[in-house]
>>> print(open('upload-v3.tsv').read())   # TSV, C-alpha atoms
chain	number	residue	atom	x	y	z
A	10	MET	CA	0.24	29.67	-1.66
A	11	SER	CA	2.70	27.02	-0.51
A	12	ASP	CA	3.65	24.15	-2.78
A	13	ILE	CA	1.56	20.99	-2.40
A	14	ARG	CA	3.27	17.66	-2.85
A	15	SER	CA	2.15	15.52	-5.78
A	16	THR	CA	-0.02	12.47	-5.22
A	17	VAL	CA	2.19	9.38	-4.93
A	18	GLU	CA	1.26	5.89	-6.03
A	19	ILE	CA	2.96	2.86	-4.44
A	20	THR	CA	2.62	-0.63	-5.90
A	21	VAL	CA	3.96	-3.85	-4.40
A	22	PRO	CA	3.62	-7.28	-6.07
A	23	ALA	CA	2.48	-10.54	-4.57
A	24	THR	CA	5.17	-13.13	-4.02
A	25	SER	CA	5.62	-16.88	-3.89
A	26	ALA	CA	8.37	-18.20	-1.65
A	27	ASN	CA	10.26	-21.53	-1.58
A	28	ILE	CA	9.49	-22.57	-5.22
A	29	GLY	CA	9.95	-26.24	-4.40
A	30	PRO	CA	13.40	-26.86	-2.88
A	31	GLY	CA	14.20	-23.25	-1.98
A	32	PHE	CA	12.73	-23.26	1.53
A	33	ASP	CA	13.27	-19.80	3.08
A	34	VAL	CA	15.79	-19.01	0.30
A	35	VAL	CA	14.09	-18.01	-2.97
A	36	GLY	CA	11.03	-16.05	-4.02
A	37	LEU	CA	9.15	-14.90	-7.11
A	38	SER	CA	7.27	-11.64	-7.56
A	39	LEU	CA	3.89	-12.15	-9.22
A	40	SER	CA	1.36	-9.95	-11.01
A	41	LEU	CA	-1.11	-9.35	-8.20
A	42	TYR	CA	-0.66	-6.02	-6.45
A	43	LEU	CA	-1.10	-4.11	-3.24
A	44	SER	CA	-1.53	-0.49	-4.37
A	45	LEU	CA	-1.53	2.73	-2.34
A	46	THR	CA	-2.62	6.18	-3.46
A	47	VAL	CA	-1.15	8.79	-1.12
A	48	LYS	CA	-2.58	12.31	-1.35
A	49	PHE	CA	-1.17	15.50	0.11
A	50	GLY	CA	-2.62	18.97	0.65
A	51	SER	CA	-2.23	22.08	2.74
A	52	PRO	CA	-0.88	21.32	6.25
A	53	SER	CA	-3.70	20.78	8.72
A	54	PRO	CA	-4.16	19.61	12.32
A	55	HIS	CA	-6.93	17.24	11.22
A	56	PRO	CA	-6.13	13.52	10.89
A	57	PHE	CA	-5.74	11.90	7.51
A	58	THR	CA	-8.10	9.20	6.22
A	59	ILE	CA	-7.39	5.58	5.40
A	60	THR	CA	-9.71	3.77	3.00
A	61	TYR	CA	-9.43	0.25	1.64
A	62	SER	CA	-10.83	-1.78	-1.25
A	63	GLY	CA	-10.31	-5.26	-2.62
A	64	GLU	CA	-9.21	-8.40	-0.78
A	65	GLY	CA	-9.64	-8.14	2.97
A	66	ALA	CA	-11.34	-4.75	2.86
A	67	ASP	CA	-13.76	-5.73	5.63
A	68	GLU	CA	-10.99	-7.09	7.88
A	69	VAL	CA	-8.37	-4.34	7.86
A	70	PRO	CA	-8.29	-1.77	10.69
A	71	LEU	CA	-8.37	1.83	9.49
A	72	ASN	CA	-6.88	3.43	12.59
A	73	PRO	CA	-3.31	4.47	11.69
A	74	TYR	CA	-2.00	3.10	15.01
A	75	LYS	CA	-3.53	-0.32	14.30
A	76	ASN	CA	-3.15	-0.63	10.52
A	77	LEU	CA	-0.01	-2.57	9.57
A	78	LEU	CA	0.90	-0.30	6.65
A	79	THR	CA	0.84	2.90	8.66
A	80	ARG	CA	2.44	1.32	11.74
A	81	VAL	CA	5.38	0.23	9.59
A	82	ALA	CA	5.54	3.69	8.00
A	83	LEU	CA	5.54	5.33	11.43
A	84	TYR	CA	8.36	3.00	12.54
A	85	VAL	CA	10.46	4.15	9.55
A	86	LEU	CA	9.65	7.81	10.23
A	87	ARG	CA	10.55	7.62	13.91
A	88	CYS	CA	13.80	5.81	13.17
A	89	ASN	CA	14.64	8.86	11.08
A	90	SER	CA	13.78	11.47	13.74
A	91	GLN	CA	10.28	12.24	12.45
A	92	ARG	CA	7.89	11.68	15.33
A	93	SER	CA	4.57	11.72	13.49
A	94	PHE	CA	2.86	11.55	10.14
A	95	PRO	CA	3.36	14.75	8.11
A	96	ALA	CA	0.76	17.49	8.50
A	97	ASP	CA	0.22	17.69	4.73
A	98	LEU	CA	-0.91	14.05	4.45
A	99	ILE	CA	-4.61	14.02	3.53
A	100	SER	CA	-5.47	10.44	2.65
A	101	ILE	CA	-4.20	6.96	1.90
A	102	HIS	CA	-6.32	4.67	-0.24
A	103	VAL	CA	-5.30	1.02	-0.39
A	104	ASP	CA	-6.45	-1.38	-3.09
A	105	ASN	CA	-5.46	-5.00	-2.55
A	106	GLN	CA	-5.50	-7.88	-5.05
A	107	ILE	CA	-3.51	-10.31	-2.86
A	108	PRO	CA	-5.64	-12.78	-0.85
A	109	PHE	CA	-4.81	-13.11	2.84
A	110	GLY	CA	-3.38	-16.31	4.29
A	111	ARG	CA	-2.97	-18.12	0.98
A	112	GLY	CA	0.81	-18.30	0.56
A	113	LEU	CA	1.03	-15.35	-1.85
A	114	GLY	CA	2.98	-12.96	0.34
A	115	SER	CA	0.18	-10.68	1.57
A	116	SER	CA	1.98	-9.80	4.82
A	117	GLY	CA	5.31	-9.31	3.08
A	118	ALA	CA	3.68	-6.99	0.56
A	119	ALA	CA	2.12	-4.99	3.39
A	120	VAL	CA	5.47	-4.63	5.14
A	121	ILE	CA	7.22	-3.45	1.96
A	122	ALA	CA	4.34	-1.07	1.20
A	123	GLY	CA	4.64	0.33	4.72
A	124	VAL	CA	8.40	0.81	4.41
A	125	LEU	CA	7.96	2.58	1.07
A	126	LEU	CA	5.17	4.68	2.55
A	127	GLY	CA	7.46	5.82	5.36
A	128	ASN	CA	10.15	6.62	2.81
A	129	VAL	CA	7.68	8.75	0.81
A	130	LEU	CA	6.10	10.51	3.79
A	131	GLY	CA	9.46	11.41	5.31
A	132	GLN	CA	11.09	12.23	1.94
A	133	LEU	CA	13.98	10.04	3.12
A	134	ASN	CA	15.35	8.80	-0.24
A	135	LEU	CA	16.47	5.49	1.29
A	136	THR	CA	18.24	2.93	-0.90
A	137	ASN	CA	16.70	-0.47	-1.62
A	138	GLU	CA	19.31	-2.03	0.65
A	139	ARG	CA	18.29	0.20	3.55
A	140	LEU	CA	14.58	-0.30	2.85
A	141	LEU	CA	15.22	-4.04	3.12
A	142	ASP	CA	16.84	-3.53	6.54
A	143	TYR	CA	13.64	-1.94	7.85
A	144	ALA	CA	11.51	-4.70	6.33
A	145	LEU	CA	13.65	-7.42	7.90
A	146	MET	CA	13.19	-5.93	11.36
A	147	ILE	CA	9.50	-6.80	10.94
A	148	GLU	CA	9.36	-9.77	8.56
A	149	ARG	CA	12.27	-11.93	9.73
A	150	HIS	CA	12.33	-14.28	6.71
A	151	PRO	CA	13.87	-12.52	3.69
A	152	ASP	CA	12.39	-14.54	0.81
A	153	ASN	CA	9.01	-12.81	0.42
A	154	VAL	CA	9.98	-9.24	1.32
A	155	THR	CA	13.08	-9.31	-0.88
A	156	ALA	CA	11.15	-10.57	-3.90
A	157	ALA	CA	8.43	-7.98	-3.28
A	158	LEU	CA	10.97	-5.17	-3.04
A	159	VAL	CA	13.32	-5.95	-5.94
A	160	GLY	CA	11.14	-8.19	-8.14
A	161	GLY	CA	11.80	-11.18	-10.35
A	162	PHE	CA	13.31	-14.50	-9.28
A	163	VAL	CA	15.41	-13.78	-6.20
A	164	GLY	CA	17.62	-15.65	-3.74
A	165	SER	CA	18.26	-14.09	-0.34
A	166	TYR	CA	19.84	-14.74	3.04
A	167	LEU	CA	20.45	-13.07	6.38
A	168	ARG	CA	24.00	-11.90	6.98
A	169	GLU	CA	26.14	-12.90	9.93
A	170	LEU	CA	26.40	-9.60	11.80
A	171	ASP	CA	28.70	-8.54	14.62
A	172	PRO	CA	27.38	-9.34	18.12
A	173	ALA	CA	25.85	-5.91	18.78
A	174	ALA	CA	24.13	-5.78	15.39
A	175	THR	CA	22.90	-9.36	15.80
A	176	VAL	CA	21.20	-8.42	19.06
A	177	ALA	CA	19.71	-5.31	17.43
A	178	SER	CA	18.34	-7.28	14.48
A	179	GLN	CA	16.65	-9.80	16.77
A	180	VAL	CA	14.71	-7.35	18.93
A	181	PRO	CA	11.21	-8.79	19.54
A	182	LEU	CA	8.61	-7.68	17.04
A	183	SER	CA	6.56	-6.34	19.94
A	184	GLU	CA	9.24	-3.66	20.41
A	185	VAL	CA	9.57	-2.86	16.70
A	186	LEU	CA	5.81	-2.60	16.13
A	187	PRO	CA	4.27	-2.22	19.59
A	188	GLU	CA	0.54	-2.64	20.10
A	189	TYR	CA	-0.63	0.92	20.50
A	190	PRO	CA	-3.15	1.49	23.33
A	191	PRO	CA	-6.53	3.03	22.47
A	192	ASP	CA	-5.40	6.48	23.57
A	193	ALA	CA	-2.08	6.33	21.69
A	194	GLY	CA	-0.95	9.50	20.03
A	195	GLU	CA	2.18	10.95	18.53
A	196	ASN	CA	3.95	11.05	21.90
A	197	TRP	CA	3.69	7.28	22.45
A	198	GLY	CA	6.52	4.93	21.41
A	199	LEU	CA	9.00	7.55	20.25
A	200	SER	CA	12.18	5.46	20.56
A	201	PRO	CA	11.93	2.42	18.26
A	202	PRO	CA	14.90	0.06	17.82
A	203	LEU	CA	17.01	1.10	14.83
A	204	PRO	CA	17.78	-1.57	12.23
A	205	PRO	CA	21.44	-2.49	11.73
A	206	VAL	CA	22.90	-1.80	8.29
A	207	GLY	CA	23.01	-4.70	5.84
A	208	ILE	CA	20.82	-7.31	7.55
A	209	GLY	CA	20.08	-9.18	4.34
A	210	HIS	CA	21.72	-9.83	0.98
A	211	TYR	CA	20.16	-11.04	-2.24
A	212	VAL	CA	20.89	-12.03	-5.83
A	213	LYS	CA	18.54	-11.93	-8.82
A	214	PHE	CA	18.46	-14.98	-11.07
A	215	ASN	CA	17.56	-15.02	-14.76
A	216	TRP	CA	13.98	-15.89	-15.66
A	217	ASN	CA	12.67	-17.14	-19.00
A	218	PRO	CA	9.72	-14.82	-19.79
A	219	SER	CA	7.83	-17.62	-21.54
A	220	ILE	CA	7.28	-19.24	-18.13
A	221	LYS	CA	4.02	-18.25	-16.44
A	222	ALA	CA	2.72	-19.12	-13.00
A	223	VAL	CA	-0.65	-20.80	-12.53
A	224	ALA	CA	-1.75	-20.07	-8.97
A	225	ILE	CA	-4.33	-22.59	-7.74
A	226	ILE	CA	-5.87	-20.97	-4.66
A	227	PRO	CA	-7.97	-23.08	-2.26
A	228	ARG	CA	-10.78	-21.20	-0.54
A	229	PHE	CA	-9.39	-21.45	2.97
A	230	GLU	CA	-6.64	-19.64	4.86
A	231	LEU	CA	-3.53	-21.19	6.36
A	232	SER	CA	-1.38	-19.07	8.63
A	233	THR	CA	2.38	-19.21	8.22
A	234	ALA	CA	2.73	-19.84	11.95
A	235	LYS	CA	0.50	-22.92	11.81
A	236	ALA	CA	2.30	-24.20	8.71
A	237	ARG	CA	5.68	-23.81	10.44
A	238	GLU	CA	4.45	-25.73	13.48
A	239	ALA	CA	4.01	-28.76	11.21
A	240	LEU	CA	7.74	-28.89	10.42
A	241	PRO	CA	10.10	-31.21	12.35
A	242	MET	CA	12.79	-29.82	14.63
A	243	GLN	CA	15.39	-32.19	13.16
A	244	TYR	CA	16.04	-33.97	9.86
A	245	SER	CA	17.81	-37.28	9.20
A	246	ARG	CA	21.44	-37.51	8.08
A	247	LYS	CA	20.25	-39.02	4.79
A	248	ASP	CA	18.05	-36.00	4.22
A	249	LEU	CA	20.94	-33.64	4.87
A	250	VAL	CA	23.66	-35.11	2.69
A	251	GLN	CA	21.81	-35.84	-0.55
A	252	ARG	CA	21.49	-32.46	-2.19
A	253	PHE	CA	23.65	-29.41	-1.56
A	254	PRO	CA	26.27	-27.56	-3.65
A	255	VAL	CA	29.21	-26.03	-1.84
A	256	TYR	CA	28.46	-22.41	-2.70
A	257	LEU	CA	24.92	-22.59	-1.34
A	258	VAL	CA	26.11	-24.27	1.83
A	259	GLN	CA	28.46	-21.31	2.25
A	260	LEU	CA	25.46	-18.98	1.99
A	261	LEU	CA	23.90	-20.80	4.93
A	262	ILE	CA	26.98	-20.87	7.17
A	263	PRO	CA	25.91	-17.67	9.01
A	264	PHE	CA	22.78	-19.48	10.19
A	265	LEU	CA	24.34	-22.68	11.43
A	266	SER	CA	25.86	-21.48	14.68
A	267	SER	CA	22.56	-20.34	16.18
A	268	SER	CA	20.09	-22.93	14.95
A	269	ALA	CA	21.94	-25.85	13.44
A	270	SER	CA	19.21	-28.46	13.23
A	271	PHE	CA	16.65	-26.17	11.60
A	272	PHE	CA	18.95	-24.67	9.01
A	273	LEU	CA	20.71	-27.92	8.22
A	274	GLY	CA	17.24	-29.20	7.38
A	275	LYS	CA	17.06	-26.47	4.77
A	276	VAL	CA	20.27	-27.71	3.17
A	277	PHE	CA	18.50	-30.92	2.10
A	278	ASN	CA	17.17	-29.42	-1.11
A	279	MET	CA	20.11	-27.26	-2.11
A	280	GLN	CA	21.48	-29.42	-4.92
A	281	ARG	CA	18.15	-29.28	-6.73
A	282	LEU	CA	17.94	-25.58	-6.00
A	283	ALA	CA	21.33	-25.01	-7.63
A	284	VAL	CA	19.95	-26.64	-10.79
A	285	LEU	CA	16.60	-24.87	-10.61
A	286	THR	CA	18.02	-21.34	-10.32
A	287	THR	CA	19.79	-21.85	-13.65
A	288	ALA	CA	17.17	-23.98	-15.39
A	289	LEU	CA	14.36	-21.41	-15.04
A	290	GLY	CA	16.43	-18.89	-16.97
A	291	GLN	CA	17.32	-21.16	-19.89
A	292	SER	CA	15.65	-21.07	-23.30
A	293	PRO	CA	13.87	-23.24	-24.11
A	294	PRO	CA	13.04	-24.45	-20.58
A	295	ASP	CA	13.60	-28.17	-19.99
A	296	PRO	CA	10.46	-29.77	-18.44
A	297	GLU	CA	12.21	-32.95	-17.32
A	298	LEU	CA	15.01	-31.04	-15.61
A	299	ILE	CA	12.76	-28.44	-13.95
A	300	TYR	CA	10.07	-30.87	-12.78
A	301	GLU	CA	12.59	-32.97	-10.90
A	302	ALA	CA	14.43	-29.89	-9.59
A	303	MET	CA	11.21	-28.49	-8.10
A	304	LYS	CA	10.63	-31.48	-5.82
A	305	ASP	CA	10.91	-30.94	-2.08
A	306	ARG	CA	11.40	-33.11	1.00
A	307	VAL	CA	11.91	-30.43	3.62
A	308	HIS	CA	8.54	-28.74	4.07
A	309	GLN	CA	5.85	-30.01	1.68
A	310	PRO	CA	5.66	-33.58	3.07
A	311	TYR	CA	5.04	-32.23	6.56
A	312	ARG	CA	2.32	-29.82	5.45
A	313	LYS	CA	0.23	-32.28	3.45
A	314	ALA	CA	-2.08	-32.90	6.41
A	315	LEU	CA	-2.92	-29.20	6.43
A	316	ILE	CA	-3.71	-29.14	2.71
A	317	PRO	CA	-5.80	-32.14	1.60
A	318	GLY	CA	-5.11	-32.87	-2.05
A	319	LEU	CA	-1.56	-31.51	-2.05
A	320	PRO	CA	0.20	-34.89	-2.58
A	321	ALA	CA	-2.15	-35.82	-5.42
A	322	VAL	CA	-1.78	-32.48	-7.18
A	323	THR	CA	2.02	-32.51	-7.01
A	324	SER	CA	2.32	-36.16	-8.14
A	325	LEU	CA	-0.49	-36.58	-10.69
A	326	ILE	CA	-0.04	-33.36	-12.65
A	327	THR	CA	3.22	-33.86	-14.57
A	328	PRO	CA	4.83	-32.78	-17.86
A	329	ASP	CA	3.79	-36.15	-19.31
A	330	THR	CA	0.11	-35.73	-18.43
A	331	HIS	CA	0.03	-31.98	-19.09
A	332	PRO	CA	2.37	-30.81	-21.87
A	333	GLY	CA	3.65	-27.33	-21.12
A	334	LEU	CA	3.95	-27.96	-17.38
A	335	LEU	CA	7.46	-27.44	-16.03
A	336	GLY	CA	7.05	-27.94	-12.29
A	337	ILE	CA	4.57	-27.75	-9.45
A	338	CYS	CA	4.95	-26.91	-5.78
A	339	LEU	CA	3.41	-25.34	-2.71
A	340	SER	CA	3.45	-21.53	-2.81
A	341	GLY	CA	5.07	-20.33	0.39
A	342	ALA	CA	3.43	-21.98	3.39
A	343	GLY	CA	0.31	-22.71	1.30
A	344	PRO	CA	-2.41	-23.51	0.72
A	345	THR	CA	-1.91	-22.11	-2.81
A	346	ILE	CA	-0.30	-24.44	-5.33
A	347	LEU	CA	2.02	-22.89	-7.91
A	348	ALA	CA	2.43	-24.53	-11.31
A	349	LEU	CA	5.08	-23.14	-13.66
A	350	ALA	CA	4.19	-23.70	-17.30
A	351	THR	CA	4.54	-22.40	-20.84
A	352	GLN	CA	1.14	-23.52	-22.20
A	353	ASN	CA	-2.08	-25.42	-21.38
A	354	PHE	CA	-2.61	-23.25	-18.32
A	355	LYS	CA	-6.37	-23.86	-18.07
A	356	ALA	CA	-6.00	-27.64	-18.38
A	357	ILE	CA	-3.45	-27.65	-15.54
A	358	ALA	CA	-5.70	-25.55	-13.33
A	359	GLU	CA	-8.83	-27.57	-14.06
A	360	SER	CA	-7.06	-30.84	-13.25
A	361	ALA	CA	-6.01	-29.39	-9.92
A	362	ARG	CA	-9.58	-28.18	-9.33
A	363	GLU	CA	-10.89	-31.73	-9.89
A	364	ILE	CA	-8.39	-33.20	-7.42
A	365	PHE	CA	-9.30	-30.66	-4.74
A	366	ALA	CA	-13.01	-31.24	-5.42
A	367	GLU	CA	-12.52	-34.87	-4.39
A	368	GLU	CA	-11.47	-33.48	-1.01
A	369	SER	CA	-14.54	-31.17	-0.96
A	370	ILE	CA	-12.32	-28.11	-1.38
A	371	GLN	CA	-13.20	-25.35	-3.81
A	372	VAL	CA	-10.43	-23.45	-5.55
A	373	ASP	CA	-9.90	-20.39	-7.70
A	374	TRP	CA	-7.04	-20.03	-10.13
A	375	LYS	CA	-5.14	-17.16	-11.69
A	376	LEU	CA	-2.60	-16.98	-14.49
A	377	LEU	CA	0.23	-14.73	-13.31
A	378	GLU	CA	3.40	-13.24	-14.75
A	379	VAL	CA	6.73	-12.87	-12.99
A	380	VAL	CA	7.08	-9.10	-12.64
A	381	GLY	CA	9.32	-6.32	-11.38
A	382	GLY	CA	9.48	-5.16	-7.79
A	383	ALA	CA	7.83	-2.48	-5.70
A	384	LYS	CA	7.57	1.06	-7.05
A	385	SER	CA	6.63	4.49	-5.81
A	386	ARG	CA	5.98	7.23	-8.31
A	387	ARG	CA	4.32	10.60	-8.59
A	388	SER	CA	0.85	10.35	-10.00
A	389	SER	CA	-0.26	12.11	-13.15
A	390	LEU	CA	-3.33	13.34	-11.25
A	391	THR	CA	-3.36	17.12	-11.24
A	392	CYS	CA	-6.49	17.94	-9.25
A	393	ARG	CA	-5.92	19.53	-5.89
A	394	PRO	CA	-7.08	17.12	-3.15
A	395	GLN	CA	-9.64	18.34	-0.65
A	396	ARG	CA	-9.88	17.37	2.99
A	397	VAL	CA	-13.08	15.72	4.10
A	398	ASP	CA	-14.92	16.70	7.24
A	399	PRO	CA	-12.92	15.79	10.40
A	400	GLU	CA	-15.88	13.83	11.79
A	401	GLU	CA	-15.78	11.67	8.69
A	402	ASN	CA	-12.06	11.13	9.26
A	403	THR	CA	-12.79	9.86	12.76
A	404	ARG	CA	-15.31	7.40	11.40
A	405	LEU	CA	-12.81	6.11	8.86
A	406	PHE	CA	-10.18	5.64	11.56
A	407	SER	CA	-12.38	3.27	13.55
A	408	SER	CA	-11.25	-0.33	13.61
>>> encode(input="upload-v3.tsv", output="structure tokens")
Amino acid sequence: MSDIRSTVEITVPATSANIGPGFDVVGLSLSLYLSLTVKFGSPSPHPFTITYSGEGADEVPLNPYKNLLTRVALYVLRCNSQRSFPADLISIHVDNQIPFGRGLGSSGAAVIAGVLLGNVLGQLNLTNERLLDYALMIERHPDNVTAALVGGFVGSYLRELDPAATVASQVPLSEVLPEYPPDAGENWGLSPPLPPVGIGHYVKFNWNPSIKAVAIIPRFELSTAKAREALPMQYSRKDLVQRFPVYLVQLLIPFLSSSASFFLGKVFNMQRLAVLTTALGQSPPDPELIYEAMKDRVHQPYRKALIPGLPAVTSLITPDTHPGLLGICLSGAGPTILALATQNFKAIAESAREIFAEESIQVDWKLLEVVGGAKSRRSSLTCRPQRVDPEENTRLFSS
């Protein structure tokens, strides 16, 4: 009897990007997870099954050529000369705790899970740096995917590549992850664009473990695309010159040649960000310092019309009114609000709930930890997996 690969479990954390002034620069990994259980068995011509539970279970397509996780995995496999999913793959079960469209990195987590899945299926043994290259071909902003991959409190940027690599890294997403036609099979789309080496760089900052994240989650979705449409194309000179340390400006130099007005707008908050990246690692944390350092004038003011209650929450809930609060900001593109605190978590969340209720918006809240990054590991399960009937597989593939 041939050896059967062990079941593999993949976990990827939720993330919160921006963290106040760090627009498109910093991210946090948080203790909500996208989890995959990948089972193998004897090689077979029958298709594998995809099943899903948790957040979004009724919305996710289960056809491997339509599901984001498996499309990303197939992209990684084909970039490494493996044209199809392995014959010994029996099933993938996905359990998701990360709500869709709430600013908690659901799409970034899916991309990282897909990259890790491809790495596992192809037995590729790719480094984290190379895994990030694949992720950045799909998710072009590094803040969420980097935090999901490496964990913790992370700053990231896109490198200035040589001309050929720059063109390769900017291939349209429709070529990286093409929309497979209904009759797509393993012979369709065999030549994906390869990612250049070293697209993104990152650094991990210190984090005081006494600081928790209160995620206040309104019960409506807000797409990142819609939230970005609310941002201005240009920012005033006053906005640009108030807050930026030299070393962080240098990090942004690679961006300036191609899109000066947009990325100069990002520079507005960099002085506060330089303070914040140190202050959140200090013990004890300084509420006065952190609260001021988490203010933003680059993206939150322009998104307030999309999130009724946002200005009131960020201005009325303060360290003076709520001892233990350190800072409060929009999580990613929203609509989730992230409050960093060391105590009185419920009081902070309930005050935010009351403010949103005045706007007729219901919210949920969760107390989250800042956690480590994505992992794949062999499961302790020892039972030999069995294939289900092929007709059942076909049913599960339907979208």
>>> closest_residue(input="upload-v3.tsv", among="A:Thr58, A:Ile299, A:Ser53, A:Val372", to="Leu282 in chain A", atoms="only C-alpha atoms")
A:Ile299
>>> residues_around(input="upload-v3.tsv", residues="range 207-223 of chain A", least_positions_apart="2", cutoff="6 Å", atoms="all atoms listed in the file", output="ChimeraX atom specification")
/A:142,162-168,289-290,347-351,375-378
>>> closest_residue(input="upload-v3.tsv", among="A:Tyr42, A:Cys338, A:Leu182, A:Gly131", to="Ser90 in chain A", atoms="only C-alpha atoms")
A:Gly131
>>> atom_distance(input="upload-v3.tsv", atom1="CA of Thr330 in chain A", atom2="CA of Ser360 in chain A")
10.1 Å
>>> atom_distance(input="upload-v3.tsv", atom1="CA of Pro310 in chain A", atom2="CA of Leu41 in chain A")
27.6 Å
>>> residues_around(input="upload-v3.tsv", residues="range 48-50 of chain A", least_positions_apart="3", cutoff="6 Å", atoms="all atoms listed in the file", output="tab-separated table (two decimals) with C-alpha atoms, in the frame of the given file")
chain	number	residue	atom	x	y	z
A	13	ILE	CA	1.56	20.99	-2.40
A	14	ARG	CA	3.27	17.66	-2.85
A	16	THR	CA	-0.02	12.47	-5.22
A	97	ASP	CA	0.22	17.69	4.73
A	98	LEU	CA	-0.91	14.05	4.45
A	99	ILE	CA	-4.61	14.02	3.53
A	100	SER	CA	-5.47	10.44	2.65
>>> atom_distance(input="upload-v3.tsv", atom1="CA of Ile19 in chain A", atom2="CA of Leu45 in chain A")
5.0 Å
>>> closest_residue(input="upload-v3.tsv", among="A:Thr345, A:Ser178, A:Ser93, A:Thr286", to="Trp197 in chain A", atoms="all atoms listed in the file")
A:Ser93
>>> closest_residue(input="upload-v3.tsv", among="A:Val35, A:Leu325, A:Ala82, A:Val185", to="Val124 in chain A", atoms="only C-alpha atoms")
A:Ala82
>>> residues_around(input="upload-v3.tsv", residues="Ser44 in chain A", least_positions_apart="3", cutoff="7 Å", atoms="only C-alpha atoms", output="list in words")
Ile19, Thr20, Val21, Val103, Asp104 and Asn105 of chain A
>>> closest_residue(input="upload-v3.tsv", among="A:Asn27, A:Asn76, A:Ser38, A:Ser15", to="Gly161 in chain A", atoms="only C-alpha atoms")
A:Ser38
>>> closest_residue(input="upload-v3.tsv", among="A:Gln91, A:Ser115, A:Ser62, A:Thr79", to="Pro22 in chain A", atoms="only C-alpha atoms")
A:Ser115
>>> residues_around(input="upload-v3.tsv", residues="Arg111 in chain A", least_positions_apart="2", cutoff="9 Å", atoms="all atoms listed in the file", output="PyMOL selection string")
chain A and resi 107-109+113-115+226-232+340-345
